[in-house]
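Data block below; observations after.
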Amino acid sequence: MNQRELFLRHVAQTSDLPLLGVDVNIKEAKGVKLIDENGKEYFDLISGISVSNIGHCHPKVLDAINNQAQKFMHLMVYGEFNQSPQVKYAIELTNLLPPQLNSVYYTTSGSEATEGALKLAKRVTGRTEIICFKNAYHGSTHGALSVMGDEFFKNSFRPLLPDIKILELNNLNDLNFISSKTAAVIIEPIQGEAGVRKANTEFLKLLRQKCDTHCVLLIFDEIQTGFGRTGSLFAFEQAEVIPDVLLIAKGMGGGLPIGAFISSTQLMSSLTNNPVLGHINTFGGNAVCVAAANATLSVILEENLISRANEIEKIIRTQLNHPSIKELRVYGALGAIDFGNEELNMRIIKSCIENGIITDWFLFCPTAMRIAPPLTITDEELFEALQKIIAVLSMI
């Protein structure tokens with residue numbers, strides 16, 4: 001049996017046809033390139049779904065991983081030990097955030113960050129109602145699935161959390177559903193899996209006001225939009241609306257699994273009592289992962305990758321011109337190329353992969369192709385990759 005057959009037989013699959021049936025066996029990844037077993041190079045234009053914001057195997061991240069691994073890799077993470085990598089990173093990160101976002105709870109993924117935030121909201125408010133939005137994606141665990149704004153992926157796993165309300169993004173009237181019964185509102189400032197759709201500033205400001213009026217926690221999910229991806233360190237900065245809880249992951253660890261939910265020390269303290277150990281995990285804040293995250297944040301700041309995201313947006317907007325493109329939605333280095341037709345989109349994606357461009361579609365917008373390159377991509381690399389896409393569009 002070849003590698004593909006062994007992969008399909010022994011590794012649990014989430015789709016009947018991963019990567020549209022294209023057989024890609026990656027042996028190496030560096031910078032913005034993936035290299036298969038035959039030496040063929042692919043541009044990674046989705047960064048492992050907004051994970052590799054600083055490219056693959058960045059040398060500073062590798063150094064940080066190696067240095068920490070030689071000291072220790074795993075210790076108990078329930079507060080028994082003061083772990084310097086955790087403390088250092090929490091200080092570095094929260095210094096870049098508004099003062100009220102000063103306490104970091106480490107997790108192993110974005111889904112777990114969502115779970116922790118939902119528990120925090122219920123614990124702080126004593127309420128159970130959670131409000132989310134149509135076509136929102138916050139993870140696939142049971143709690144996160146409950147606040148997913150799409151029924152197709154939820155129905156087979158019911159019953160899920162009760163007291164969930166789903167509103168329409170950017171519908172001001174829908175915000176009147178927020179009440180004194182609501183524990184939290186969870187929202188992506190830019191919806192990723194909806195096909196890169198932005199919550200407008202007026203909507204977010206009124207949302208903040210409604211939450212304040214009814215003492216509701218406002219949770220911003222920046223798992224996909226964080227760490228410079230959309231042209232600011234976090235997308236909420238562009239609207240000047242501050243959440244009570246911030247969710248992060250994906251681009252956080254430079255390729256290693258790590259996430260977090262961040263809030264105030266006052267709110268986080270509610271997880272320490274009634275019951276004690278209100279939220280725990282085994283690997284959250286793993287020293288090697290945190291060291292990688294610290295190095296990743298340093299690279300983003302030192303290499304001015306936040307402003308680079310805005311430059312990437314300009315290049316994408318000016319270079320991607322073709323009659324088959326019905327709409328181009330791009331914010332920083334997060335974009336959706338919408339062809340208005342699912343079957344056409346899938347053919348284009350398959351052809352792109354075959355021609356050395358790694359891309360995919362969006363869960364709730366199958367008519368659009370994802371484009372989210374590493375922020376380290378050079379102009380020359382980006383021009384070449386975009387020209388490959390144009391060439392595919394001209395052939396389809």
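Identifiers for the structure tokens are assigned positionally: chains receive A, B, ... in sequence, residues are indexed from 1 per chain, and ligands are indexed from 1 in the order shown.
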
List every residue of range 194-275 of chain A that DSSP, applied to the backbone of this structure, assigns to helix (DSSP H, G or I), and report them as number ranges by chain.
A: 201-213, 236-239, 250-252, 265-272

Output of the above residues as a compact mmCIF listing (two decimals), in the first residue's frame, restricted to N, CA and C atoms:
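Written out: selection14.txt:
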# COMPACT_ATOMS: atom_id res chain seq x y z
N THR A 201 -18.52 48.62 12.18
CA THR A 201 -18.18 49.32 13.42
C THR A 201 -19.43 49.77 14.18
N GLU A 202 -20.42 50.28 13.47
CA GLU A 202 -21.66 50.71 14.13
C GLU A 202 -22.30 49.55 14.88
N PHE A 203 -22.31 48.39 14.24
CA PHE A 203 -22.90 47.20 14.85
C PHE A 203 -22.14 46.80 16.11
N LEU A 204 -20.82 46.79 16.05
CA LEU A 204 -20.02 46.38 17.20
C LEU A 204 -20.14 47.37 18.35
N LYS A 205 -20.22 48.64 18.03
CA LYS A 205 -20.36 49.65 19.10
C LYS A 205 -21.71 49.52 19.80
N LEU A 206 -22.78 49.31 19.03
CA LEU A 206 -24.09 49.13 19.66
C LEU A 206 -24.13 47.82 20.44
N LEU A 207 -23.49 46.80 19.93
CA LEU A 207 -23.39 45.52 20.64
C LEU A 207 -22.72 45.72 21.99
N ARG A 208 -21.64 46.48 22.02
CA ARG A 208 -20.95 46.76 23.27
C ARG A 208 -21.87 47.49 24.25
N GLN A 209 -22.62 48.45 23.74
CA GLN A 209 -23.54 49.21 24.59
C GLN A 209 -24.62 48.31 25.18
N LYS A 210 -25.18 47.44 24.35
CA LYS A 210 -26.23 46.53 24.82
C LYS A 210 -25.69 45.59 25.90
N CYS A 211 -24.50 45.09 25.70
CA CYS A 211 -23.89 44.20 26.69
C CYS A 211 -23.65 44.93 28.00
N ASP A 212 -23.19 46.17 27.92
CA ASP A 212 -22.96 46.96 29.13
C ASP A 212 -24.27 47.22 29.87
N THR A 213 -25.32 47.55 29.12
CA THR A 213 -26.61 47.85 29.72
C THR A 213 -27.16 46.68 30.52
N PHE A 236 -10.31 43.51 16.62
CA PHE A 236 -11.17 44.40 17.40
C PHE A 236 -10.60 45.80 17.54
N GLU A 237 -9.28 45.93 17.39
CA GLU A 237 -8.66 47.24 17.50
C GLU A 237 -9.16 48.19 16.42
N GLN A 238 -9.52 47.67 15.27
CA GLN A 238 -9.95 48.52 14.16
C GLN A 238 -11.31 49.16 14.43
N ALA A 239 -12.14 48.51 15.23
CA ALA A 239 -13.45 49.06 15.58
C ALA A 239 -13.42 49.85 16.88
N LYS A 250 -4.64 29.41 16.88
CA LYS A 250 -4.13 29.34 15.51
C LYS A 250 -2.78 30.01 15.33
N GLY A 251 -2.72 31.29 14.94
CA GLY A 251 -1.46 31.96 14.65
C GLY A 251 -0.62 32.24 15.88
N MET A 252 -1.07 31.82 17.03
CA MET A 252 -0.41 32.11 18.30
C MET A 252 0.91 31.37 18.47
N THR A 265 -8.40 39.98 35.61
CA THR A 265 -8.09 39.18 36.80
C THR A 265 -9.33 38.98 37.65
N GLN A 266 -10.15 40.03 37.75
CA GLN A 266 -11.36 39.95 38.56
C GLN A 266 -12.32 38.88 38.04
N LEU A 267 -12.57 38.88 36.74
CA LEU A 267 -13.49 37.88 36.18
C LEU A 267 -12.89 36.48 36.25
N MET A 268 -11.62 36.36 35.92
CA MET A 268 -10.97 35.05 35.93
C MET A 268 -10.95 34.42 37.33
N SER A 269 -10.92 35.25 38.35
CA SER A 269 -10.85 34.70 39.71
C SER A 269 -12.08 33.88 40.06
N SER A 270 -13.18 34.07 39.32
CA SER A 270 -14.39 33.30 39.62
C SER A 270 -14.19 31.81 39.35
N LEU A 271 -13.21 31.46 38.54
CA LEU A 271 -12.95 30.05 38.25
C LEU A 271 -12.15 29.35 39.35
N THR A 272 -11.76 30.09 40.38
CA THR A 272 -10.94 29.50 41.45
C THR A 272 -11.77 28.98 42.61

Identify, on the basis of only C-alpha atoms, every residue whose closest approach to Arg308 in chain A does not exceed 7 Å; exclude the query and any residue fewer than 4 positions from it along the same chain; express the result as a list in words.
Asn304, Ile312 and Leu375 of chain A

Taking N, CA and C atoms for each residue, export the selection above as a PDB file, in the first residue's frame.
ATOM      1  N   ASN A 304       7.668  43.623  11.626  1.00  0.00           N
ATOM      2  CA  ASN A 304       6.579  44.519  11.179  1.00  0.00           C
ATOM      3  C   ASN A 304       5.552  43.784  10.320  1.00  0.00           C
ATOM      4  N   ILE A 312      -0.063  43.151   1.847  1.00  0.00           N
ATOM      5  CA  ILE A 312      -0.553  41.949   1.168  1.00  0.00           C
ATOM      6  C   ILE A 312      -1.957  42.187   0.625  1.00  0.00           C
ATOM      7  N   LEU A 375       2.260  35.891   6.603  1.00  0.00           N
ATOM      8  CA  LEU A 375       2.575  37.317   6.537  1.00  0.00           C
ATOM      9  C   LEU A 375       4.018  37.553   6.110  1.00  0.00           C
TER      10      LEU A 375
END

Can you tell me which residues surround range 144-154 of chain A at a distance of at most 7 Å, considering only C-alpha atoms, apart from same-chain residues fewer than 5 positions away, and format the answer as a list of chain:residue names?
A:Ser111, A:Thr114, A:Glu115, A:Cys132, A:Phe133, A:Lys134, A:Asn135, A:Ala136, A:Tyr137, A:His138, A:Gly139, A:Leu160, A:Leu161, A:Ile164, A:Ile166

Name the residues in contact with Asn66 in chain A at a cut-off of 10 Å, using only C-alpha atoms, excluding same-chain residues fewer than 4 positions from it; report them as an MDAnalysis selection string.
chainID A and resid 60:62 70:71 288 291:292

Going by DSSP on the backbone, which residues of range 116-258 of chain A come out as strand (DSSP E or B)? List them as a PyMOL selection string.
chain A and resi 129-133+164-167+182-187+190-191+197-198+217-221+245-248

Can I get the selection written as an mmCIF file, in the first residue's frame, with N, CA and C atoms?
data_model
loop_
_atom_site.group_PDB
_atom_site.id
_atom_site.type_symbol
_atom_site.label_atom_id
_atom_site.label_comp_id
_atom_site.auth_asym_id
_atom_site.auth_seq_id
_atom_site.Cartn_x
_atom_site.Cartn_y
_atom_site.Cartn_z
ATOM 1 N N GLU A 129 -28.186 31.851 29.107
ATOM 2 C CA GLU A 129 -28.424 32.172 27.695
ATOM 3 C C GLU A 129 -27.151 32.690 27.024
ATOM 4 N N ILE A 130 -26.830 32.090 25.880
ATOM 5 C CA ILE A 130 -25.689 32.523 25.082
ATOM 6 C C ILE A 130 -26.205 32.972 23.716
ATOM 7 N N ILE A 131 -25.734 34.115 23.254
ATOM 8 C CA ILE A 131 -26.110 34.634 21.943
ATOM 9 C C ILE A 131 -24.918 34.530 21.002
ATOM 10 N N CYS A 132 -25.184 34.012 19.821
ATOM 11 C CA CYS A 132 -24.157 33.883 18.793
ATOM 12 C C CYS A 132 -24.754 34.364 17.463
ATOM 13 N N PHE A 133 -24.050 34.097 16.352
ATOM 14 C CA PHE A 133 -24.474 34.669 15.077
ATOM 15 C C PHE A 133 -24.497 33.639 13.961
ATOM 16 N N ILE A 164 -29.589 28.828 23.556
ATOM 17 C CA ILE A 164 -28.747 29.469 22.546
ATOM 18 C C ILE A 164 -29.637 30.259 21.593
ATOM 19 N N LYS A 165 -29.294 31.506 21.353
ATOM 20 C CA LYS A 165 -29.989 32.333 20.366
ATOM 21 C C LYS A 165 -29.021 32.710 19.260
ATOM 22 N N ILE A 166 -29.473 32.597 18.026
ATOM 23 C CA ILE A 166 -28.631 32.924 16.878
ATOM 24 C C ILE A 166 -29.174 34.170 16.192
ATOM 25 N N LEU A 167 -28.362 35.211 16.125
ATOM 26 C CA LEU A 167 -28.754 36.481 15.520
ATOM 27 C C LEU A 167 -28.091 36.649 14.157
ATOM 28 N N THR A 182 -29.270 37.128 29.414
ATOM 29 C CA THR A 182 -28.123 36.729 28.594
ATOM 30 C C THR A 182 -26.846 36.692 29.420
ATOM 31 N N ALA A 183 -26.114 35.601 29.320
ATOM 32 C CA ALA A 183 -24.817 35.492 29.994
ATOM 33 C C ALA A 183 -23.715 36.113 29.148
ATOM 34 N N ALA A 184 -23.737 35.809 27.837
ATOM 35 C CA ALA A 184 -22.653 36.276 26.971
ATOM 36 C C ALA A 184 -23.126 36.366 25.530
ATOM 37 N N VAL A 185 -22.462 37.232 24.800
ATOM 38 C CA VAL A 185 -22.572 37.281 23.346
ATOM 39 C C VAL A 185 -21.198 36.928 22.797
ATOM 40 N N ILE A 186 -21.144 35.945 21.912
ATOM 41 C CA ILE A 186 -19.868 35.547 21.310
ATOM 42 C C ILE A 186 -19.914 35.880 19.824
ATOM 43 N N ILE A 187 -18.865 36.539 19.340
ATOM 44 C CA ILE A 187 -18.870 37.027 17.969
ATOM 45 C C ILE A 187 -17.452 37.076 17.407
ATOM 46 N N ILE A 190 -14.497 39.528 12.408
ATOM 47 C CA ILE A 190 -14.566 39.175 10.994
ATOM 48 C C ILE A 190 -14.867 37.686 10.941
ATOM 49 N N GLN A 191 -16.030 37.331 10.413
ATOM 50 C CA GLN A 191 -16.397 35.921 10.344
ATOM 51 C C GLN A 191 -15.533 35.215 9.314
ATOM 52 N N ARG A 197 -16.449 37.837 6.283
ATOM 53 C CA ARG A 197 -17.477 38.883 6.335
ATOM 54 C C ARG A 197 -17.316 39.650 7.644
ATOM 55 N N LYS A 198 -17.230 40.954 7.524
ATOM 56 C CA LYS A 198 -16.845 41.806 8.641
ATOM 57 C C LYS A 198 -18.053 42.378 9.370
ATOM 58 N N LEU A 217 -21.417 39.542 29.273
ATOM 59 C CA LEU A 217 -20.032 39.455 28.831
ATOM 60 C C LEU A 217 -19.972 39.417 27.303
ATOM 61 N N LEU A 218 -19.113 40.229 26.732
ATOM 62 C CA LEU A 218 -18.899 40.255 25.288
ATOM 63 C C LEU A 218 -17.615 39.487 24.979
ATOM 64 N N ILE A 219 -17.752 38.404 24.234
ATOM 65 C CA ILE A 219 -16.627 37.537 23.885
ATOM 66 C C ILE A 219 -16.286 37.753 22.424
ATOM 67 N N PHE A 220 -15.048 38.139 22.141
ATOM 68 C CA PHE A 220 -14.575 38.274 20.768
ATOM 69 C C PHE A 220 -13.713 37.063 20.416
ATOM 70 N N ASP A 221 -14.126 36.355 19.393
ATOM 71 C CA ASP A 221 -13.366 35.210 18.902
ATOM 72 C C ASP A 221 -12.399 35.702 17.823
ATOM 73 N N VAL A 245 -13.891 39.312 27.035
ATOM 74 C CA VAL A 245 -13.102 38.085 26.903
ATOM 75 C C VAL A 245 -12.608 37.999 25.465
ATOM 76 N N LEU A 246 -11.336 37.683 25.306
ATOM 77 C CA LEU A 246 -10.723 37.546 23.987
ATOM 78 C C LEU A 246 -10.262 36.101 23.794
ATOM 79 N N LEU A 247 -10.640 35.492 22.668
ATOM 80 C CA LEU A 247 -10.233 34.127 22.351
ATOM 81 C C LEU A 247 -9.128 34.159 21.292
ATOM 82 N N ILE A 248 -8.050 33.416 21.534
ATOM 83 C CA ILE A 248 -6.939 33.362 20.594
ATOM 84 C C ILE A 248 -6.449 31.922 20.457
#

I'd like the neighbourhood of Ile306 in chain A as a list in words, where a residue qualifies if any of its atoms comes within 9 Å (using only C-alpha atoms), though same-chain residues fewer than 4 positions away should be ignored.
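So the residues in contact are Phe227, Gly228, Arg229, Thr230, Gly231, Ser232, Leu233, Ile300, Leu301, Asn310, Gly332 and Leu375 of chain A.
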
So, with only C-alpha atoms as the atoms that count, which of A:Ala235, A:Gly55, A:Gly335, A:Leu297 lies closest to Lys314 in chain A?
A:Gly335

Fewer than 6 positions away in the same chain doesn't count, so skip those; otherwise give me all residues within 7 Å of Leu101 in chain A, counting only C-alpha atoms, as a list in words.
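Listed by chain and then number, they are Thr94, Ile262, Ser263 and Ser264 of chain A.
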
For the selection you just gave me, I'd like the residues written to a file as a compact mmCIF listing (two decimals), in the first residue's frame, keeping C-alpha atoms.
# COMPACT_ATOMS: atom_id res chain seq x y z
CA THR A 94 -1.18 41.64 27.82
CA ILE A 262 -8.06 36.35 28.11
CA SER A 263 -10.08 38.49 30.48
CA SER A 264 -9.62 40.56 33.63

Excluding same-chain residues fewer than 3 positions from Ala287 in chain A, what lies within 9 Å of it counting only C-alpha atoms, as JSON, numbers by chain?
{"A": [65, 68, 69, 72, 73, 74, 75, 83, 84, 85, 86, 284, 290, 291, 292]}

Save out the residues we just selected, N, CA and C atoms, as a PDB file, in the first residue's frame.
ATOM      1  N   ILE A  65      11.927  26.604  20.655  1.00  0.00           N
ATOM      2  CA  ILE A  65      11.474  25.249  20.969  1.00  0.00           C
ATOM      3  C   ILE A  65      12.629  24.403  21.488  1.00  0.00           C
ATOM      4  N   GLN A  68      13.873  25.576  25.036  1.00  0.00           N
ATOM      5  CA  GLN A  68      12.979  25.225  26.133  1.00  0.00           C
ATOM      6  C   GLN A  68      12.927  23.717  26.356  1.00  0.00           C
ATOM      7  N   ALA A  69      12.957  22.944  25.265  1.00  0.00           N
ATOM      8  CA  ALA A  69      12.874  21.484  25.388  1.00  0.00           C
ATOM      9  C   ALA A  69      14.040  20.913  26.172  1.00  0.00           C
ATOM     10  N   PHE A  72      12.783  21.967  30.257  1.00  0.00           N
ATOM     11  CA  PHE A  72      11.669  21.085  30.604  1.00  0.00           C
ATOM     12  C   PHE A  72      10.569  21.293  29.573  1.00  0.00           C
ATOM     13  N   MET A  73       9.758  20.236  29.391  1.00  0.00           N
ATOM     14  CA  MET A  73       8.683  20.306  28.402  1.00  0.00           C
ATOM     15  C   MET A  73       7.305  20.352  29.045  1.00  0.00           C
ATOM     16  N   HIS A  74       7.062  19.490  30.020  1.00  0.00           N
ATOM     17  CA  HIS A  74       5.740  19.469  30.632  1.00  0.00           C
ATOM     18  C   HIS A  74       5.852  19.433  32.139  1.00  0.00           C
ATOM     19  N   LEU A  75       5.122  20.331  32.789  1.00  0.00           N
ATOM     20  CA  LEU A  75       4.915  20.304  34.228  1.00  0.00           C
ATOM     21  C   LEU A  75       3.416  20.434  34.462  1.00  0.00           C
ATOM     22  N   GLN A  83       5.821  28.923  36.185  1.00  0.00           N
ATOM     23  CA  GLN A  83       6.590  28.582  34.992  1.00  0.00           C
ATOM     24  C   GLN A  83       6.951  29.862  34.238  1.00  0.00           C
ATOM     25  N   SER A  84       8.236  30.109  34.144  1.00  0.00           N
ATOM     26  CA  SER A  84       8.690  31.372  33.560  1.00  0.00           C
ATOM     27  C   SER A  84       8.230  31.590  32.122  1.00  0.00           C
ATOM     28  N   PRO A  85       8.173  30.556  31.253  1.00  0.00           N
ATOM     29  CA  PRO A  85       7.673  30.813  29.899  1.00  0.00           C
ATOM     30  C   PRO A  85       6.239  31.345  29.903  1.00  0.00           C
ATOM     31  N   GLN A  86       5.377  30.788  30.773  1.00  0.00           N
ATOM     32  CA  GLN A  86       3.996  31.254  30.867  1.00  0.00           C
ATOM     33  C   GLN A  86       3.933  32.709  31.325  1.00  0.00           C
ATOM     34  N   GLY A 284      -2.580  22.812  28.715  1.00  0.00           N
ATOM     35  CA  GLY A 284      -2.657  24.252  28.480  1.00  0.00           C
ATOM     36  C   GLY A 284      -1.480  24.977  29.118  1.00  0.00           C
ATOM     37  N   VAL A 290       4.396  27.473  24.771  1.00  0.00           N
ATOM     38  CA  VAL A 290       4.416  28.883  25.175  1.00  0.00           C
ATOM     39  C   VAL A 290       5.701  29.562  24.694  1.00  0.00           C
ATOM     40  N   ALA A 291       6.819  28.846  24.759  1.00  0.00           N
ATOM     41  CA  ALA A 291       8.072  29.411  24.245  1.00  0.00           C
ATOM     42  C   ALA A 291       7.961  29.708  22.762  1.00  0.00           C
ATOM     43  N   ALA A 292       7.317  28.804  22.014  1.00  0.00           N
ATOM     44  CA  ALA A 292       7.094  29.036  20.588  1.00  0.00           C
ATOM     45  C   ALA A 292       6.193  30.233  20.368  1.00  0.00           C
TER      46      ALA A 292
END

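For the set A:Val124, A:Ala372, A:Ile349, A:Val330, the residue with the smallest atom-to-atom gap to Asn274 in chain A is A:Val124, counting only C-alpha atoms.
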
When distances are computed from only C-alpha atoms, which of A:Leu20, A:Ile357, A:Ile337, A:Ile377 shows the smallest separation from Glu311 in chain A?
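Closest residue, counting only C-alpha atoms: A:Ile377.
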
As an exercise, work out the distance from CA of Glu28 in chain A to CA of Gly192 in chain A in Å and give it to one decimal place.
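So the answer is 27.2 Å.
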
Counting only C-alpha atoms, the option among A:Cys57, A:Met369, A:Val11, A:Cys289 closest to Gly31 in chain A:
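The closest residue to Gly31 in chain A is A:Cys57.
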